Amino acid sequence: MKITTLPTLVLGTASLLMLSSCKDDSSADSNTSGGSSAGPGIGTTGGVELKTDLPKEVIEGSPKPKNVKNLMPEIKKFPTFLVPEGTVLLSQGKTVTSSDDFPILGEVSYLTDGEKEAGEGYFLEMVEGTQWAQIDLEKSNPLYAILIWHFHSEKRVYHDVIVQVSDDPEFKSGVTTLYNNDYDDSSGLGKGSDRPYIESRFGLLVNGKGTKGRYVRLYSRGSTSNEMNHYTEVEVFGKPE
Amino acid sequence: MNISSKVFLFFCWIAVITLAAFLRFDELSDRPFHFDEATGARITSQRINPAADYQFNPVHNHGPLLSAAAAPICQLNGETSWRSMSKLSLRIATATAGTLLVMIPLCWRRRFGDIPMLAASALLATSPLLVYFSRMFIHEMILALCGLAALALVCVRPKYSHTLKFGVVGGLVGLMFATKESFAISIIAWTAAGAIVALSHIRKINQHNTSKNRQRLWREFRMPALSFAAAAGISASWYYTDGFSNLMGAWDAVRTFFVYQTGAGHDKPFSYYFEMLAVPSKGGVWWFETPILVLATIALIRSYLPSGKRRHQEDITRFLAFSAIFHILIYSTISYKTPWLMCLPWAHVCLLAGLSFRGFSQWKTPIQAVATLVLIGVIFQQNRLTRYATGRFANDARNPYAYAPTSRDVESIRTWMRDLTQHLPPAALEPVAVVGTEYWPLPWYLRDFDAIGYWPEPTPAVSQCPLVFAMPEMADDLQIQLEKSHVALPRTLRSHVPVILFLRNDHWQQWNAPESP
């Protein structure tokens with residue numbers, strides 16, 4: 001690891017010369033930072049509170065990154081989120097497929113096996129790049145909440161988290177995107193305006209908004225810790241029709 | 001040997017060399033550029049650009065041979081500037097060196113036979129360590145190639161004269177010096193190994209230690225020695241003085257041994273290399289090159305078993321074994337450790353492992369069958385591990401050879417910057433600021449920009465920059481400084497090294513504005 005300061009003098013000088021012509025934007029509107037979503041909201045008005053079993057807190061290593069304002073606020077307790085009465089967990093034990101035919105660690109069935117604990121033996125690890133896991137709910141029903149735990153034993157941020165619902169198993173038609181924080185469209189599924197978030201035992205709660213669909217597909221493209229894609233558990237709540 | 005055997009062996013050699021080339025060149029530009037690859041690319045760009053006035057830097061740079069080898073490849077590919085350079089052109093130099101390394105056992109075919117040397121070649125071809133670092137634009141594979149070639153040629157019976165042979169060996173040692181100052185470790189290791197082998201013949205040496213014999217030896221070897229020294233000096237000086245155009249370069253080549261600065265954070269325990277290569281470890285898959293070490297140990301033990309016929313073969317085997325041991329011991333004693341420093345020592349071990357098949361043609365058929373199965377099994381296992389190491393684990397910190405790997409996320413930053421630039425007026429994102437230390441290979445991925453400033457810590461000037469990259473240790477301070485003016489976006493530079501990208505609010509709004517139909 002060498003010449004870490006090699007270009008500093010040359011380029012730094014050039015940059016400083018250009019600074020005089022640089023636009024001063026320090027008074028810019030501070031409300032513009034972050035994506036458009038401010039979290040899942042309160043859910044369905046007049047509904048009942050969504051309940052789930054949360055995994056134990058297990059944080060390994062030093063928390064990174066921290067204090068990044070554009071991230072969704074780190075939550076300290078599971079949010080109060082309302083769903084219509086009669087909403088149940090639809091994904092338990094359902095068939096899962098993925099874009100990685102040979103996962104490095106774990107099995108795709110881990111996503112819907114009800115085990116949310118941290119550590120090896122509980123999570124699926126897929127190869128690098130944009131990858132997806134897909135749950136077949138067997139019937140098309142209105143969906144109200146999707147809870148995702150990628151890897152919650154370290155404070156990391158997963159890139160390009162995208163959640164889609166469709167009745168088409170190929171996701172070529174009738175696709176509704178419920179969550180997308182791929183702000184630079186690096187995964188090529190369209191620019192998203194949701195905010196990146198730090199993994200925690202509370203998972204990511206995505207508002208299903210009553211979207212009807214049989215298949216739920218979840219994308220990611222590595223994290224701030226490494227390039228692999230992980231899933232510990234996914235819960236899809238909906239109301240059977 | 002009948003013709004069909006010769007044809008079979010010929011195709012075996014072709015198959016091994018083809019496999020070596022495939023493992024080294026397949027999707028060569030896929031993996032993101034490493035910290036050290038990017039700094040090497042920067043040096044190469046200075047060599048390509050006449051205005052940059054390239055000079056060897058003895059404090060921060062290894063030898064000039066790597067950039068000298070890569071520069072013509074870049075120029076052939078029409079890459080004549082820092083901005084236009086590509087990973088592929090740069091890595092071709094080291095991938096070629098790695099492929100040539102596999103051919104070195106050909107030199108010993110006459111002495112040891114085809115089967116042991118084919119085995120050595122196949123082990124060199126498929127070693128995960130050697131393949132991984134052949135695919136990386138760093139000095140090690142050129143050092144390994146020149147080092148192993150020099151060692152192999154020393155042990156070859158010359159067809160013409162000792163003067164010519166030692167001239168070539170000297171030239172190769174000079175190239176080792178021009179590659180990296182750590183060539184001195186190899187000289188020490190080889191000298192120590194040679195001394196140990198000589199000690200085993202001390203009685204015979206003493207018997208012949210007469211003034212008449214000394215004079216005869218002097219007459220016989222003074223020209224080869226002179227040829228060695230001259231060739232080593234000329235080949236090293238040629239590169240350090242940039243074709244004898246900068247004679248101060250020769251002084252810098254000496255000075256580098258005293259002034260060269262290593263980076264912090266690379267200290268590791270004595271057992272690091274042994275554990276990396278010999279002790280199986282689980283990280284996604286099981287990582288180990290233990291079978292090669294086992295075969296090499298068998299070769300060394302066999303050299304001490306009574307046979308009485310092949311003294312030269314046994315001496316060479318022992319010399320190779322002790323050279324490998326001294327290399328590994330010296331590198332293990334130095335607290336600064338990186339996995340690629342094992343390339344040349346491990347090339348010794350692979351060659352030695354091939355010698356465990358010495359005398360194969362005289363073995364009984366059942367033993368030959370078992371040995372062949374063992375060899376095929378080892379090659380298969382190595383090949384599988386190599387594909388993991390250079391494929392899905394190429395950038396994974398659990399891979400013992402992936403040292404501080406750069407995240408693919410950095411590659412997508414460059415793509416986004418290009419997209420972003422199209423939404424904004426020309427040069428709207430400049431000047432770009434990078435704040436913090438240990439930011440390489442970021443400059444490689446930001447080379448589309450003309451104006452980039454590098455600050456070790458935040459200054460008021462940074463606030464004026466539309467695009468700011470904060471290394472982890474500076475992220476909190478910059479978050480406070482840029483809170484009102486910029487939006488912060490977490491990205492990943494290396495494994496467990498997030499970098500925060502700050503983009504000025506107006507540019508962020510423009511990026512997110514609905515596109516006009």
# chains A, B, ... in the order shown; residues from 1 in each chain; ligands from 1

call {"tool": "interface_residues", "arguments": {"of": "chain B", "to": "chain A", "cutoff": "7 Å", "atoms": "only C-alpha atoms", "output": "PyMOL selection string"}}
result
chain B and resi 35-36+39+60+263+284+392+396+407+412+416+431+438+440+451-454+464+476+479+484-485+487-489+491-492+495-498+505

call {"tool": "residues_around", "arguments": {"residues": "Asp53 of chain B", "least_positions_apart": "6", "cutoff": "12 Å", "atoms": "only C-alpha atoms", "output": "MDAnalysis selection string"}}
result
chainID B and resid 43:47 242 245:246

call {"tool": "select_by_dssp", "arguments": {"residues": "segment 110-164 of chain B", "states": "alpha helix (DSSP H)", "output": "ChimeraX atom specification"}}
result
/B:110-112,114-126,128-134,140-154,162-164

call {"tool": "closest_residue", "arguments": {"among": "A:Val88, A:Leu137, A:Val96, A:Ile146", "to": "Leu124 of chain A", "atoms": "only C-alpha atoms"}}
result
A:Val96

call {"tool": "closest_residue", "arguments": {"among": "B:His486, B:Lys364, B:Arg310, B:Arg387", "to": "Ile500 of chain B", "atoms": "only C-alpha atoms"}}
result
B:His486

call {"tool": "residues_around", "arguments": {"residues": "Phe326 of chain B", "least_positions_apart": "6", "cutoff": "12 Å", "atoms": "only C-alpha atoms", "output": "JSON, numbers by chain"}}
result
{"B": [185, 186, 187, 188, 189, 190, 191, 192, 193, 194, 195, 196, 318, 319, 320, 332, 333, 342, 344, 345, 346, 348, 349]}

call {"tool": "closest_residue", "arguments": {"among": "B:Phe183, B:Ala21, B:Thr390, B:Leu478", "to": "Ala461 of chain B", "atoms": "only C-alpha atoms"}}
result
B:Leu478

call {"tool": "select_by_dssp", "arguments": {"residues": "segment 243-464 of chain B", "states": "strand (DSSP E)", "output": "list in words"}}
result
Ser281, Lys282, Gly283, Val285, Trp286, Trp287, Val432, Ala433, Val434, Val435, Ile452, Gly453, Tyr454 and Trp455 of chain B

call {"tool": "write_last_selection", "arguments": {"atoms": "C-alpha atoms", "output": "mmCIF file, in the first residue's frame"}}
result
data_model
loop_
_atom_site.group_PDB
_atom_site.id
_atom_site.type_symbol
_atom_site.label_atom_id
_atom_site.label_comp_id
_atom_site.auth_asym_id
_atom_site.auth_seq_id
_atom_site.Cartn_x
_atom_site.Cartn_y
_atom_site.Cartn_z
ATOM 1 C CA SER B 281 -9.649 -22.934 7.052
ATOM 2 C CA LYS B 282 -13.379 -22.571 6.481
ATOM 3 C CA GLY B 283 -14.566 -19.377 4.887
ATOM 4 C CA VAL B 285 -15.514 -23.088 1.366
ATOM 5 C CA TRP B 286 -12.480 -24.896 2.770
ATOM 6 C CA TRP B 287 -9.251 -23.130 1.809
ATOM 7 C CA VAL B 432 -14.192 16.527 -6.450
ATOM 8 C CA ALA B 433 -12.902 16.155 -2.896
ATOM 9 C CA VAL B 434 -11.592 13.003 -1.274
ATOM 10 C CA VAL B 435 -11.131 13.392 2.472
ATOM 11 C CA ILE B 452 -9.757 16.202 -7.768
ATOM 12 C CA GLY B 453 -8.418 17.319 -4.421
ATOM 13 C CA TYR B 454 -7.169 15.015 -1.701
ATOM 14 C CA TRP B 455 -7.315 16.223 1.882
#

call {"tool": "residues_around", "arguments": {"residues": "segment 224-229 of chain B", "least_positions_apart": "6", "cutoff": "9 Å", "atoms": "only C-alpha atoms", "output": "list in words"}}
result
Ser161, His162, Thr163, Leu164, Lys165, Phe166, Gly167, Val168, Val169, Gly170, Gly171, Val173 and Gly174 of chain B

call {"tool": "write_last_selection", "arguments": {"atoms": "C-alpha atoms", "output": "tab-separated table (two decimals), in the first residue's frame"}}
result
chain	number	residue	atom	x	y	z
B	161	SER	CA	29.11	-22.59	-22.22
B	162	HIS	CA	28.94	-21.70	-18.56
B	163	THR	CA	29.59	-18.08	-19.48
B	164	LEU	CA	26.43	-17.87	-21.54
B	165	LYS	CA	24.38	-19.75	-18.94
B	166	PHE	CA	25.49	-17.54	-16.08
B	167	GLY	CA	25.02	-14.49	-18.24
B	168	VAL	CA	21.35	-15.42	-18.70
B	169	VAL	CA	20.98	-16.23	-14.99
B	170	GLY	CA	22.58	-12.87	-14.13
B	171	GLY	CA	20.18	-11.11	-16.47
B	173	VAL	CA	18.59	-11.82	-11.26
B	174	GLY	CA	18.95	-8.26	-12.53

call {"tool": "residues_around", "arguments": {"residues": "Thr112 of chain A", "least_positions_apart": "2", "cutoff": "7 Å", "atoms": "only C-alpha atoms", "output": "list of chain:residue names"}}
result
A:Ser91, A:Gln92, A:Gly93, A:Lys94, A:Ser109, A:Tyr110, A:Gly114, A:Glu233, A:Val234, A:Glu235

call {"tool": "write_last_selection", "arguments": {"atoms": "C-alpha atoms", "output": "mmCIF file, in the first residue's frame"}}
result
data_model
loop_
_atom_site.group_PDB
_atom_site.id
_atom_site.type_symbol
_atom_site.label_atom_id
_atom_site.label_comp_id
_atom_site.auth_asym_id
_atom_site.auth_seq_id
_atom_site.Cartn_x
_atom_site.Cartn_y
_atom_site.Cartn_z
ATOM 1 C CA SER A 91 -45.087 -16.749 3.682
ATOM 2 C CA GLN A 92 -44.341 -19.300 6.424
ATOM 3 C CA GLY A 93 -42.971 -22.488 4.832
ATOM 4 C CA LYS A 94 -43.685 -21.301 1.292
ATOM 5 C CA SER A 109 -35.829 -22.321 2.453
ATOM 6 C CA TYR A 110 -34.235 -20.365 5.318
ATOM 7 C CA GLY A 114 -39.459 -18.883 10.825
ATOM 8 C CA GLU A 233 -35.908 -14.325 7.127
ATOM 9 C CA VAL A 234 -38.712 -12.726 5.149
ATOM 10 C CA GLU A 235 -42.283 -12.444 6.392
#

call {"tool": "residues_around", "arguments": {"residues": "Ser220 of chain A", "least_positions_apart": "3", "cutoff": "6 Å", "atoms": "only C-alpha atoms", "output": "ChimeraX atom specification"}}
result
/A:130-131,159-161

call {"tool": "write_last_selection", "arguments": {"atoms": "N, CA and C atoms", "output": "PDB file, in the first residue's frame"}}
result
ATOM      1  N   THR A 130     -26.221  -7.892  -8.305  1.00  0.00           N
ATOM      2  CA  THR A 130     -27.657  -7.800  -8.008  1.00  0.00           C
ATOM      3  C   THR A 130     -28.265  -9.202  -8.064  1.00  0.00           C
ATOM      4  N   GLN A 131     -28.819  -9.642  -6.956  1.00  0.00           N
ATOM      5  CA  GLN A 131     -29.415 -10.980  -6.870  1.00  0.00           C
ATOM      6  C   GLN A 131     -30.821 -10.864  -6.294  1.00  0.00           C
ATOM      7  N   HIS A 159     -27.110  -2.477  -0.312  1.00  0.00           N
ATOM      8  CA  HIS A 159     -27.326  -1.614  -1.471  1.00  0.00           C
ATOM      9  C   HIS A 159     -28.474  -2.163  -2.326  1.00  0.00           C
ATOM     10  N   ASP A 160     -29.182  -1.241  -2.946  1.00  0.00           N
ATOM     11  CA  ASP A 160     -30.203  -1.575  -3.951  1.00  0.00           C
ATOM     12  C   ASP A 160     -31.239  -2.570  -3.433  1.00  0.00           C
ATOM     13  N   VAL A 161     -31.806  -2.268  -2.287  1.00  0.00           N
ATOM     14  CA  VAL A 161     -32.884  -3.120  -1.761  1.00  0.00           C
ATOM     15  C   VAL A 161     -34.169  -2.754  -2.506  1.00  0.00           C
TER      16      VAL A 161
END

call {"tool": "residues_around", "arguments": {"residues": "Gly40 of chain B", "least_positions_apart": "6", "cutoff": "8 Å", "atoms": "only C-alpha atoms", "output": "list in words"}}
result
Leu66, Ser67, Phe137 and Ile138 of chain B

call {"tool": "write_last_selection", "arguments": {"atoms": "C-alpha atoms", "output": "mmCIF file, in the first residue's frame"}}
result
data_model
loop_
_atom_site.group_PDB
_atom_site.id
_atom_site.type_symbol
_atom_site.label_atom_id
_atom_site.label_comp_id
_atom_site.auth_asym_id
_atom_site.auth_seq_id
_atom_site.Cartn_x
_atom_site.Cartn_y
_atom_site.Cartn_z
ATOM 1 C CA LEU B 66 6.162 -3.851 -13.726
ATOM 2 C CA SER B 67 5.248 -0.484 -15.221
ATOM 3 C CA PHE B 137 -1.429 -6.080 -11.528
ATOM 4 C CA ILE B 138 1.307 -6.261 -8.893
#
